[in-house]
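Okay, data06.cif is below, mmCIF, C-alpha atoms and all ligand atoms:
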```cif
data_start
loop_
_atom_site.label_atom_id
_atom_site.label_comp_id
_atom_site.auth_asym_id
_atom_site.auth_seq_id
_atom_site.Cartn_x
_atom_site.Cartn_y
_atom_site.Cartn_z
CA MET O 379 -30.84 4.54 -20.64
CA GLN O 380 -27.13 3.86 -20.13
CA PHE O 381 -26.33 0.49 -18.61
CA LEU O 382 -23.16 1.23 -16.64
CA SER O 383 -23.29 3.45 -13.59
CA ASP O 384 -21.93 7.01 -13.50
CA SER O 385 -19.72 6.10 -10.55
CA LEU O 386 -17.86 3.60 -12.72
CA ALA O 387 -16.85 6.38 -15.09
CA ARG O 388 -15.08 8.09 -12.19
CA VAL O 389 -12.55 5.28 -11.67
CA LYS O 390 -9.84 3.56 -13.68
CA PRO O 391 -8.67 -0.04 -13.32
CA SER O 392 -5.55 -0.62 -11.19
CA PRO O 393 -2.52 0.07 -13.45
CA SER O 394 -0.26 -2.29 -11.50
CA ILE O 395 -2.72 -5.15 -12.06
CA ALA O 396 -2.97 -4.15 -15.76
CA ILE O 397 0.83 -4.23 -16.23
CA THR O 398 1.20 -7.48 -14.29
CA THR O 399 -1.48 -9.01 -16.55
CA LEU O 400 0.24 -7.72 -19.70
CA ALA O 401 3.59 -9.11 -18.52
CA GLY O 402 1.89 -12.49 -17.94
CA GLU O 403 0.43 -12.43 -21.45
CA LEU O 404 3.80 -11.63 -23.02
CA ARG O 405 5.37 -14.45 -21.03
CA ALA O 406 2.66 -16.85 -22.19
CA ALA O 407 3.50 -15.78 -25.75
CA GLY O 408 7.08 -16.95 -25.18
CA ARG O 409 8.82 -13.72 -24.17
CA ASP O 410 11.31 -13.79 -21.29
CA VAL O 411 9.62 -10.98 -19.35
CA ILE O 412 10.72 -10.13 -15.81
CA GLY O 413 7.77 -8.77 -13.87
CA LEU O 414 8.60 -6.28 -11.12
CA SER O 415 5.14 -4.76 -10.96
CA ALA O 416 3.25 -6.92 -8.45
CA GLY O 417 3.01 -5.71 -4.87
CA GLU O 418 3.27 -8.97 -3.01
CA PRO O 419 6.00 -10.78 -1.08
CA ASP O 420 7.45 -13.76 -2.90
CA PHE O 421 7.78 -15.72 0.38
CA ASP O 422 5.42 -18.58 1.17
CA THR O 423 2.86 -18.17 3.96
CA PRO O 424 4.51 -19.57 7.14
CA ASP O 425 3.63 -23.17 8.04
CA ASN O 426 2.14 -22.39 11.47
CA ILE O 427 -0.42 -20.15 9.72
CA LYS O 428 -1.26 -22.73 7.07
CA GLU O 429 -1.65 -25.37 9.80
CA ALA O 430 -4.07 -23.14 11.72
CA ALA O 431 -6.20 -22.88 8.57
CA ILE O 432 -6.14 -26.65 8.08
CA ARG O 433 -7.15 -27.16 11.71
CA ALA O 434 -10.01 -24.71 11.24
CA ILE O 435 -11.30 -26.64 8.22
CA GLN O 436 -11.03 -29.96 10.06
CA ALA O 437 -12.84 -28.53 13.08
CA GLY O 438 -15.73 -27.45 10.86
CA LYS O 439 -15.06 -23.74 11.18
CA THR O 440 -16.34 -23.30 7.66
CA LYS O 441 -19.57 -21.37 8.16
CA TYR O 442 -20.63 -17.72 8.25
CA THR O 443 -19.25 -15.61 11.07
CA ALA O 444 -20.24 -12.18 12.39
CA PRO O 445 -20.01 -9.81 9.39
CA ASP O 446 -16.92 -8.00 10.59
CA GLY O 447 -15.01 -10.86 12.16
CA ILE O 448 -14.82 -13.53 14.84
CA ALA O 449 -14.31 -12.51 18.48
CA GLU O 450 -10.96 -14.35 18.63
CA LEU O 451 -9.53 -12.32 15.75
CA LYS O 452 -10.86 -9.03 17.09
CA GLN O 453 -9.16 -9.81 20.40
CA ALA O 454 -5.93 -10.72 18.58
CA VAL O 455 -6.12 -7.37 16.76
CA CYS O 456 -6.59 -5.52 20.09
CA ASP O 457 -3.58 -7.38 21.53
CA LYS O 458 -1.51 -6.51 18.44
CA PHE O 459 -2.31 -2.79 18.70
CA ALA O 460 -1.47 -2.78 22.41
CA ARG O 461 1.75 -4.79 21.91
CA ASP O 462 3.15 -3.06 18.83
CA ASN O 463 1.70 0.44 18.94
CA GLY O 464 0.74 1.16 22.57
CA LEU O 465 -2.88 1.67 21.43
CA GLU O 466 -5.73 0.41 23.61
CA TYR O 467 -8.87 -0.73 21.77
CA THR O 468 -11.78 -2.98 22.72
CA PRO O 469 -13.09 -5.65 20.31
CA ALA O 470 -16.15 -3.44 19.66
CA GLN O 471 -13.76 -0.90 18.13
CA VAL O 472 -12.33 -3.42 15.64
CA SER O 473 -13.45 -4.29 12.12
CA VAL O 474 -12.08 -7.20 10.08
CA GLY O 475 -12.53 -7.22 6.30
CA THR O 476 -11.53 -8.95 3.10
CA GLY O 477 -8.05 -7.41 2.92
CA GLY O 478 -6.83 -3.99 3.88
CA LYS O 479 -8.42 -2.76 0.68
CA GLN O 480 -11.96 -3.56 1.80
CA ILE O 481 -11.37 -1.95 5.18
CA LEU O 482 -10.31 1.35 3.58
CA TYR O 483 -13.16 1.15 1.08
CA ASN O 484 -15.76 0.47 3.80
CA ALA O 485 -14.55 3.46 5.82
CA LEU O 486 -14.77 5.78 2.80
CA MET O 487 -18.18 4.41 1.75
CA ALA O 488 -19.44 4.81 5.30
CA THR O 489 -18.41 8.45 5.62
CA LEU O 490 -18.13 10.33 2.31
CA ASN O 491 -20.83 12.57 0.87
CA PRO O 492 -20.61 14.58 -2.37
CA GLY O 493 -18.34 17.57 -1.79
CA ASP O 494 -16.30 15.88 0.94
CA GLU O 495 -12.57 16.13 0.32
CA VAL O 496 -9.88 13.60 1.18
CA VAL O 497 -6.28 14.77 1.39
CA ILE O 498 -3.89 12.20 -0.10
CA PRO O 499 -0.10 12.69 -0.23
CA ALA O 500 1.34 11.85 -3.67
CA PRO O 501 2.79 9.58 -4.79
CA TYR O 502 0.04 7.39 -3.36
CA TRP O 503 -1.11 3.80 -3.46
CA VAL O 504 -3.15 3.71 -6.68
CA SER O 505 -6.42 2.74 -5.05
CA TYR O 506 -6.83 5.70 -2.67
CA PRO O 507 -8.07 8.35 -5.13
CA ASP O 508 -10.27 5.90 -7.03
CA MET O 509 -11.86 4.57 -3.86
CA VAL O 510 -12.57 8.14 -2.76
CA ARG O 511 -14.20 8.88 -6.13
CA LEU O 512 -16.24 5.65 -6.04
CA ALA O 513 -17.52 6.65 -2.62
CA GLY O 514 -18.60 10.03 -4.00
CA GLY O 515 -15.84 12.18 -2.50
CA THR O 516 -13.12 14.34 -4.03
CA PRO O 517 -9.45 13.40 -3.72
CA VAL O 518 -7.13 16.33 -3.01
CA CYS O 519 -3.63 15.15 -3.87
CA VAL O 520 -0.62 16.85 -2.31
CA GLU O 521 2.60 16.27 -4.24
CA SER O 522 5.78 15.46 -2.35
CA SER O 523 9.15 15.55 -4.08
CA LEU O 524 12.44 13.76 -4.33
CA ASP O 525 14.02 16.56 -2.26
CA THR O 526 11.79 15.83 0.74
CA GLY O 527 12.32 12.08 0.40
CA PHE O 528 8.79 11.70 -1.03
CA LYS O 529 7.21 13.00 2.18
CA ILE O 530 4.86 15.96 2.43
CA THR O 531 5.56 18.82 4.83
CA ALA O 532 3.35 20.25 7.56
CA ASP O 533 2.90 23.45 5.51
CA GLN O 534 1.66 21.45 2.53
CA LEU O 535 -0.86 19.59 4.69
CA GLU O 536 -2.03 22.86 6.25
CA ALA O 537 -2.53 24.40 2.79
CA ALA O 538 -4.54 21.41 1.52
CA ILE O 539 -7.10 21.42 4.35
CA THR O 540 -10.41 23.20 3.69
CA PRO O 541 -13.72 23.26 5.58
CA ASN O 542 -14.73 20.34 3.31
CA THR O 543 -11.83 18.07 4.28
CA LYS O 544 -13.15 14.91 5.91
CA TRP O 545 -10.12 12.61 5.89
CA PHE O 546 -6.34 12.73 5.66
CA ILE O 547 -4.99 9.42 4.34
CA PHE O 548 -1.54 8.59 5.70
CA ASN O 549 0.65 5.69 4.54
CA SER O 550 4.11 5.07 6.02
CA PRO O 551 6.16 3.20 4.91
CA SER O 552 4.64 4.03 1.58
CA ASN O 553 3.60 2.14 -1.47
CA PRO O 554 5.06 3.16 -4.01
CA THR O 555 8.17 4.86 -2.55
CA GLY O 556 9.03 2.91 0.60
CA ALA O 557 9.48 6.29 2.32
CA GLY O 558 8.72 6.31 6.02
CA TYR O 559 7.90 9.28 8.26
CA HIS O 560 10.13 9.57 11.31
CA PRO O 561 8.35 10.34 14.61
CA ASN O 562 9.25 14.06 14.46
CA GLU O 563 8.01 14.32 10.86
CA LEU O 564 4.72 12.65 11.75
CA LYS O 565 4.40 14.87 14.84
CA ALA O 566 4.64 17.94 12.58
CA LEU O 567 1.67 16.58 10.60
CA THR O 568 -0.39 15.63 13.64
CA ASP O 569 0.19 19.14 15.05
CA VAL O 570 -1.49 20.50 11.92
CA LEU O 571 -4.39 18.09 12.36
CA LEU O 572 -4.87 19.21 15.97
CA ARG O 573 -5.67 22.67 14.61
CA HIS O 574 -8.43 21.22 12.37
CA PRO O 575 -10.79 19.19 14.55
CA HIS O 576 -13.12 18.35 11.65
CA VAL O 577 -10.43 16.30 9.85
CA TRP O 578 -10.16 12.57 10.53
CA VAL O 579 -7.07 10.44 9.94
CA MET O 580 -7.11 7.16 8.02
CA THR O 581 -3.70 5.63 8.53
CA ASP O 582 -2.75 2.68 6.36
CA ASP O 583 -0.02 0.86 8.29
CA MET O 584 0.19 -2.11 5.95
CA TYR O 585 4.01 -2.04 5.79
CA GLU O 586 4.57 -1.50 9.53
CA HIS O 587 6.74 -4.58 9.97
CA LEU O 588 8.78 -4.21 6.79
CA VAL O 589 11.22 -1.49 7.89
CA PHE O 590 15.00 -1.28 7.57
CA ASP O 591 18.11 -0.05 9.33
CA ASP O 592 17.32 2.27 12.23
CA PHE O 593 13.89 3.37 11.00
CA THR O 594 11.31 3.39 13.82
CA PHE O 595 7.73 2.83 12.70
CA CYS O 596 5.12 5.14 14.23
CA THR O 597 1.38 5.65 13.71
CA PRO O 598 -0.65 8.86 14.20
CA ALA O 599 -2.77 7.91 17.26
CA GLN O 600 0.40 6.77 19.03
CA ILE O 601 2.35 9.96 18.22
CA GLU O 602 -0.60 12.22 19.09
CA PRO O 603 -3.06 10.55 21.52
CA LYS O 604 -5.39 13.57 21.18
CA LEU O 605 -6.20 12.27 17.67
CA TYR O 606 -7.37 8.86 19.01
CA ASP O 607 -11.06 9.83 18.73
CA ARG O 608 -10.77 10.69 15.05
CA THR O 609 -8.27 8.14 13.79
CA LEU O 610 -8.94 4.88 11.98
CA THR O 611 -5.80 2.77 12.28
CA CYS O 612 -5.76 0.26 9.40
CA ASN O 613 -3.50 -2.71 8.94
CA GLY O 614 -3.58 -6.28 7.67
CA VAL O 615 -1.78 -9.58 7.40
CA SER O 616 -1.14 -9.50 3.63
CA LYS O 617 2.39 -8.14 3.50
CA ALA O 618 4.05 -8.92 6.84
CA TYR O 619 2.88 -12.55 6.87
CA ALA O 620 2.98 -13.21 3.10
CA MET O 621 -0.81 -13.73 3.12
CA THR O 622 -1.94 -11.64 0.15
CA GLY O 623 -4.28 -14.34 -1.12
CA TRP O 624 -5.92 -15.01 2.23
CA ARG O 625 -7.61 -11.59 2.15
CA ILE O 626 -7.66 -10.37 5.73
CA GLY O 627 -7.30 -6.73 6.75
CA TYR O 628 -8.42 -4.96 9.90
CA ALA O 629 -8.84 -1.58 11.52
CA ALA O 630 -9.57 -0.06 14.90
CA GLY O 631 -11.17 3.27 15.65
CA PRO O 632 -14.17 5.01 17.19
CA LYS O 633 -17.13 2.65 17.66
CA PRO O 634 -19.71 4.64 15.64
CA LEU O 635 -17.41 4.47 12.61
CA ILE O 636 -16.75 0.75 13.13
CA ASP O 637 -20.53 0.17 13.39
CA ALA O 638 -21.08 2.07 10.14
CA MET O 639 -18.38 0.03 8.40
CA ARG O 640 -20.03 -3.17 9.61
CA LYS O 641 -23.32 -2.03 8.07
CA ILE O 642 -21.62 -1.60 4.66
CA GLN O 643 -19.90 -4.96 4.91
CA SER O 644 -23.01 -6.80 6.08
CA GLN O 645 -24.87 -5.65 2.95
CA SER O 646 -22.03 -6.29 0.52
CA THR O 647 -19.65 -9.18 1.19
CA SER O 648 -20.61 -10.34 4.72
CA ASN O 649 -17.77 -11.87 6.69
CA PRO O 650 -14.25 -12.30 5.33
CA CYS O 651 -13.36 -15.96 4.67
CA THR O 652 -13.83 -17.85 7.95
CA ILE O 653 -10.79 -20.08 7.42
CA SER O 654 -8.58 -17.10 6.65
CA GLN O 655 -9.76 -15.43 9.85
CA TRP O 656 -8.53 -18.39 11.90
CA ALA O 657 -5.25 -18.29 10.00
CA ALA O 658 -4.96 -14.56 10.82
CA VAL O 659 -5.50 -15.30 14.53
CA GLU O 660 -2.41 -17.51 14.35
CA ALA O 661 -0.50 -14.90 12.32
CA LEU O 662 -1.09 -12.24 14.99
CA ASN O 663 -0.88 -14.43 18.12
CA GLY O 664 1.72 -16.95 16.96
CA THR O 665 5.45 -16.62 16.52
CA GLN O 666 6.68 -13.44 14.85
CA ASP O 667 10.13 -14.97 14.41
CA TYR O 668 10.14 -14.98 10.60
CA ILE O 669 9.44 -11.24 10.22
CA LEU O 670 13.01 -10.12 10.95
CA PRO O 671 14.70 -12.66 8.63
CA ASN O 672 12.22 -11.78 5.84
CA THR O 673 12.94 -8.10 6.38
CA ALA O 674 16.68 -8.79 6.17
CA VAL O 675 16.12 -10.43 2.77
CA PHE O 676 14.16 -7.40 1.57
CA ARG O 677 16.86 -5.05 2.83
CA ARG O 678 19.53 -6.99 0.92
CA ARG O 679 17.43 -6.80 -2.25
CA ARG O 680 16.77 -3.10 -1.73
CA ASP O 681 20.51 -2.47 -1.51
CA LEU O 682 21.13 -4.57 -4.62
CA VAL O 683 18.55 -2.68 -6.68
CA ILE O 684 19.60 0.74 -5.40
CA SER O 685 23.26 0.09 -6.11
CA MET O 686 22.58 -1.08 -9.69
CA LEU O 687 20.10 1.70 -10.52
CA SER O 688 22.35 4.38 -9.03
CA GLN O 689 24.98 3.52 -11.65
CA ILE O 690 22.62 4.73 -14.40
CA GLU O 691 23.21 8.28 -15.55
CA GLY O 692 19.92 10.22 -15.48
CA VAL O 693 18.31 8.02 -12.79
CA ALA O 694 18.08 9.19 -9.16
CA CYS O 695 17.16 6.55 -6.64
CA PRO O 696 16.54 7.51 -3.00
CA VAL O 697 17.00 4.80 -0.37
CA PRO O 698 13.64 3.62 1.02
CA ASP O 699 13.00 3.05 4.75
CA GLY O 700 10.63 0.14 4.30
CA ALA O 701 8.11 -1.86 2.22
CA PHE O 702 9.56 -3.55 -0.90
CA TYR O 703 9.48 -0.81 -3.51
CA VAL O 704 11.87 1.71 -5.00
CA TYR O 705 10.66 4.73 -6.92
CA PRO O 706 13.52 6.08 -9.03
CA SER O 707 13.25 9.43 -10.78
CA ILE O 708 13.98 9.42 -14.51
CA ALA O 709 13.92 13.21 -14.87
CA GLY O 710 17.38 12.97 -16.45
CA LEU O 711 16.12 10.69 -19.23
CA ILE O 712 13.08 12.62 -20.40
CA GLY O 713 13.49 13.90 -23.97
CA ARG O 714 15.71 11.05 -25.09
CA THR O 715 14.89 8.31 -27.62
CA SER O 716 15.16 4.56 -27.07
CA ALA O 717 17.18 2.21 -29.28
CA GLY O 718 13.84 1.07 -30.71
CA GLY O 719 12.97 4.66 -31.69
CA VAL O 720 10.48 5.47 -28.91
CA ALA O 721 10.56 9.08 -27.67
CA ILE O 722 10.77 9.05 -23.87
CA THR O 723 8.34 11.90 -23.37
CA ASP O 724 7.14 10.77 -19.94
CA ASP O 725 7.34 7.88 -17.51
CA GLU O 726 4.56 5.95 -19.24
CA ALA O 727 6.53 5.98 -22.52
CA PHE O 728 9.60 4.86 -20.54
CA ALA O 729 7.79 1.92 -18.90
CA LYS O 730 6.20 0.83 -22.18
CA ALA O 731 9.50 0.94 -24.08
CA LEU O 732 11.25 -0.87 -21.23
CA LEU O 733 8.71 -3.68 -21.47
CA GLU O 734 8.79 -3.78 -25.27
CA GLU O 735 12.54 -3.52 -25.76
CA ALA O 736 14.06 -4.91 -22.56
CA ASP O 737 11.35 -7.30 -21.31
CA VAL O 738 11.13 -5.73 -17.85
CA ALA O 739 7.71 -4.82 -16.42
CA VAL O 740 7.61 -1.85 -14.02
CA VAL O 741 4.80 0.58 -13.22
CA HIS O 742 5.06 4.18 -14.44
CA GLY O 743 4.97 6.95 -11.86
CA ALA O 744 1.94 8.76 -13.31
CA ALA O 745 -0.16 5.88 -11.99
CA TYR O 746 0.86 6.92 -8.47
CA GLY O 747 0.44 10.65 -9.00
CA LEU O 748 4.09 11.74 -9.19
CA SER O 749 6.22 11.85 -12.35
CA PRO O 750 8.63 11.23 -13.93
CA ASN O 751 9.35 8.05 -11.97
CA PHE O 752 8.78 4.34 -12.07
CA ARG O 753 8.10 1.79 -9.37
CA ILE O 754 10.02 -1.42 -8.96
CA SER O 755 8.71 -4.06 -6.59
CA TYR O 756 11.80 -5.93 -5.41
CA ALA O 757 9.85 -8.87 -3.98
CA ALA O 758 11.73 -11.19 -6.32
CA ALA O 759 14.79 -13.47 -6.19
CA ASP O 760 18.23 -11.80 -6.13
CA GLU O 761 19.19 -13.31 -9.52
CA THR O 762 15.95 -12.03 -11.07
CA LEU O 763 16.56 -8.55 -9.69
CA THR O 764 20.17 -8.54 -10.87
CA GLU O 765 19.13 -9.53 -14.39
CA ALA O 766 16.26 -6.98 -14.43
CA CYS O 767 18.54 -4.15 -13.29
CA ARG O 768 21.17 -5.20 -15.84
CA ARG O 769 18.50 -4.97 -18.57
CA ILE O 770 17.41 -1.54 -17.29
CA GLN O 771 21.06 -0.41 -17.34
CA VAL O 772 21.50 -1.60 -20.95
CA PHE O 773 18.17 -0.01 -22.00
CA CYS O 774 19.08 3.33 -20.44
CA ALA O 775 22.64 3.29 -21.80
CA ALA O 776 21.18 2.92 -25.30
CA LEU O 777 18.99 6.04 -24.95
CA ARG O 778 20.06 8.84 -27.27
N1 LIG B 801 -2.52 -0.51 1.43
C1 LIG B 801 -1.37 -0.46 0.76
C2 LIG B 801 -0.48 0.71 0.95
C3 LIG B 801 -1.02 -1.48 -0.14
O1 LIG B 801 0.12 -1.40 -0.81
C4 LIG B 801 -1.91 -2.56 -0.31
C5 LIG B 801 -1.62 -3.64 -1.28
O2 LIG B 801 -0.87 -3.49 -2.21
C6 LIG B 801 -3.09 -2.58 0.43
C7 LIG B 801 -3.38 -1.54 1.28
C8 LIG B 801 -4.09 -3.68 0.26
O3 LIG B 801 -3.80 -4.77 1.02
P1 LIG B 801 -4.70 -6.08 0.94
O4 LIG B 801 -4.05 -7.00 -0.02
O5 LIG B 801 -4.69 -6.61 2.36
O6 LIG B 801 -6.07 -5.69 0.52
#
```
Hey, can you dump this file as structure tokens for me?
Amino acid sequence: MQFLSDSLARVKPSPSIAITTLAGELRAAGRDVIGLSAGEPDFDTPDNIKEAAIRAIQAGKTKYTAPDGIAELKQAVCDKFARDNGLEYTPAQVSVGTGGKQILYNALMATLNPGDEVVIPAPYWVSYPDMVRLAGGTPVCVESSLDTGFKITADQLEAAITPNTKWFIFNSPSNPTGAGYHPNELKALTDVLLRHPHVWVMTDDMYEHLVFDDFTFCTPAQIEPKLYDRTLTCNGVSKAYAMTGWRIGYAAGPKPLIDAMRKIQSQSTSNPCTISQWAAVEALNGTQDYILPNTAVFRRRRDLVISMLSQIEGVACPVPDGAFYVYPSIAGLIGRTSAGGVAITDDEAFAKALLEEADVAVVHGAAYGLSPNFRISYAAADETLTEACRRIQVFCAALR
């Protein structure tokens, strides 16, 4: 009898975590590696949030809570959706989990049966297809392109939907491209969904607050209220409040789905960390004053990275609307050979040679379902980014 489960064979470990780990090992071995692979803000968690956590500990709020969150946080989530998105939910329609990741996973586990399909625009956040497979479903990936700014079209969505489609996963601004759908572009997609009443929408709004220039964030249930009864609106505190390690994500949607998600969570992890929940109450209810200055820092770094990468012949780098990633195409470099003799046959070979020969860690595009590209996370100091881009320029200039 085999020991490991069949479901494990359906998934692969997160490539961004694998590359971040490898970069750490090389650094420990004395190499001057610059890691641009981790998807987390380099800012510290704001003091008012830390203080709320300390107060919670001192007040003895250190015990189990309801499996899917304390009433105060559920209310704060309802207030956030009303304030930011014009969406009305009651606390009974809210689920709080251990990060946005657990929320998405719970929803898929609670709903997917073998044969169920989930439409996922590519490039995608690495975990979506694997979570779908773990939950027994089938990912149906729809490739966008550089020409459409890494966004899928209404026709592509229409063509991907079958009688077996259960969910459409939507993520704007996107990890890994930073591309954001404008209200009219999202409306074109929601119009398609209106024609297919059996398809539900799982929208991952994790980067809602990290948007630049004149980009206006929008979410499906807000753009098309008729989808409210089949939309799960997911979000979390990890990125906007620099709280990746606190592990709090949340979602709101139809009560039967929220009840089903609670059942999964109650038999797996139980409640997310009690102290983190109190910190998240402060994150959502407290001052939002640091979000704009943080976003301005990210925008400056985006412009720095874009301007340096755009100088490289063979690299095309669209300007992202949000998040803290760029996803340059290296189509113009495929077929060349690095100074160290590595044939750049695809983006994985590129990323490996870049790490080996230039000490810069990035994630190859194949991990996100669209090649040939690579992802840079620019959540790093300006000097670090400047040096990393200089190394990438030198590496690419040496390709023959
Ligand atoms: N969704 C997207 C698009 C992400 O990029 C991430 C983290 O990288 C998550 C969800 C997971 O967030 P959390 O750390 O809250 O689990």
Problem set entry | Computed interatomic separation between atom CA of Val497 of chain O and atom CA of Arg753 of chain O (Å) | 22.2 Å
For this session: Output the neighbourhood of ligand LIG 801 (chain B) as an MDAnalysis selection string, that is, all protein and nucleic acid residues with some atom at most 6 Å from the ligand, counting only C-alpha atoms and all ligand atoms.
Result: chainID O and resid 417 477:479 503 553 582 584 614 616 622 625:627
Seminar exercise, completed: Taken to one decimal, the atom CA of Phe528 of chain O-atom CA of Glu726 of chain O distance is 19.6 Å
Problem set entry | Between atom CA of Asn484 of chain O and atom CA of Ile636 of chain O - distance in Å to one decimal |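 Atom-to-atom, atom CA of Ile636 of chain O and atom CA of Asn484 of chain O are spaced 9.4 Å apart.
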Exercise. If we count all atoms listed in the file, what is near Asp607 of chain O at a cut-off of 10 Å, once residues fewer than 4 positions away on the same chain are taken out, given as a list in words?
Worked result: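 In the requested form, the answer reads Trp578, Val579, Ala599, Pro603, Gly631, Pro632 and Lys633 of chain O.
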For this session: Mind checking which residues fall within 12 Å of Ile690 of chain O, counting all atoms listed in the file, ignoring those fewer than 3 positions away in the same chain, and posting them as a list in words?
Result: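 Once the nearby chain positions are removed, what remains is Val683, Ile684, Ser685, Met686, Leu687, Val693, Ala694, Cys695, Pro706, Ser707, Ile708, Gly710, Leu711, Cys767, Arg768, Arg769, Ile770, Gln771, Val772, Phe773, Cys774, Ala775, Ala776 and Leu777 of chain O.
At a cut-off of 10 Å from (13.7, 13.5, -19.5), the residue set is Gly692, Val693, Ser707, Ile708, Ala709, Gly710, Leu711, Ile712, Gly713, Arg714, Thr715, Ala721, Ile722, Thr723, Asp724, Asp725, Phe728 and Pro750 of chain O (counting only C-alpha atoms).
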For this session: Starting from the point (8.4, 6.8, 5.4), work out which residues of protein, DNA or RNA have an atom no more than 9 Å away when counting all atoms listed in the file; state them as a ChimeraX atom specification.
Result: /O:527-529,549-552,555-560,593,595,698-700
For this session: Select, from O:Ile448, O:Leu414, O:Cys651, O:Ala396, the residue with the minimum atom-to-atom distance to Ala431 of chain O, counting only C-alpha atoms.
Result: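 Among the listed residues, O:Cys651 lies closest to Ala431 of chain O.
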For this session: Pick out the closest residue to Asp420 of chain O from this set: O:Cys612, O:Met580, O:Ala620, O:Met639. Count only C-alpha atoms.
Result: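 Smallest distance to Asp420 of chain O is found for O:Ala620.
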Problem set entry | Selected residue, from O:Ala744, O:Leu571, O:Cys456, O:Leu610, that lies nearest to Tyr502 of chain O when counting only C-alpha atoms |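 Under the stated criterion, the closest residue is O:Ala744.
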Problem set entry | Test item: residues at most 12 Å from Leu682 of chain O, all atoms listed in the file, excluding those fewer than 5 positions along its chain, as a PyMOL selection string | chain O and resi 675-677+687-689+695+697+704+756+758-768
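Of the listed residues O:Val738, O:Leu382, O:Ala430, O:Ala416, the one whose atoms come nearest to Thr398 of chain O is O:Ala416, with distances taken using only C-alpha atoms.
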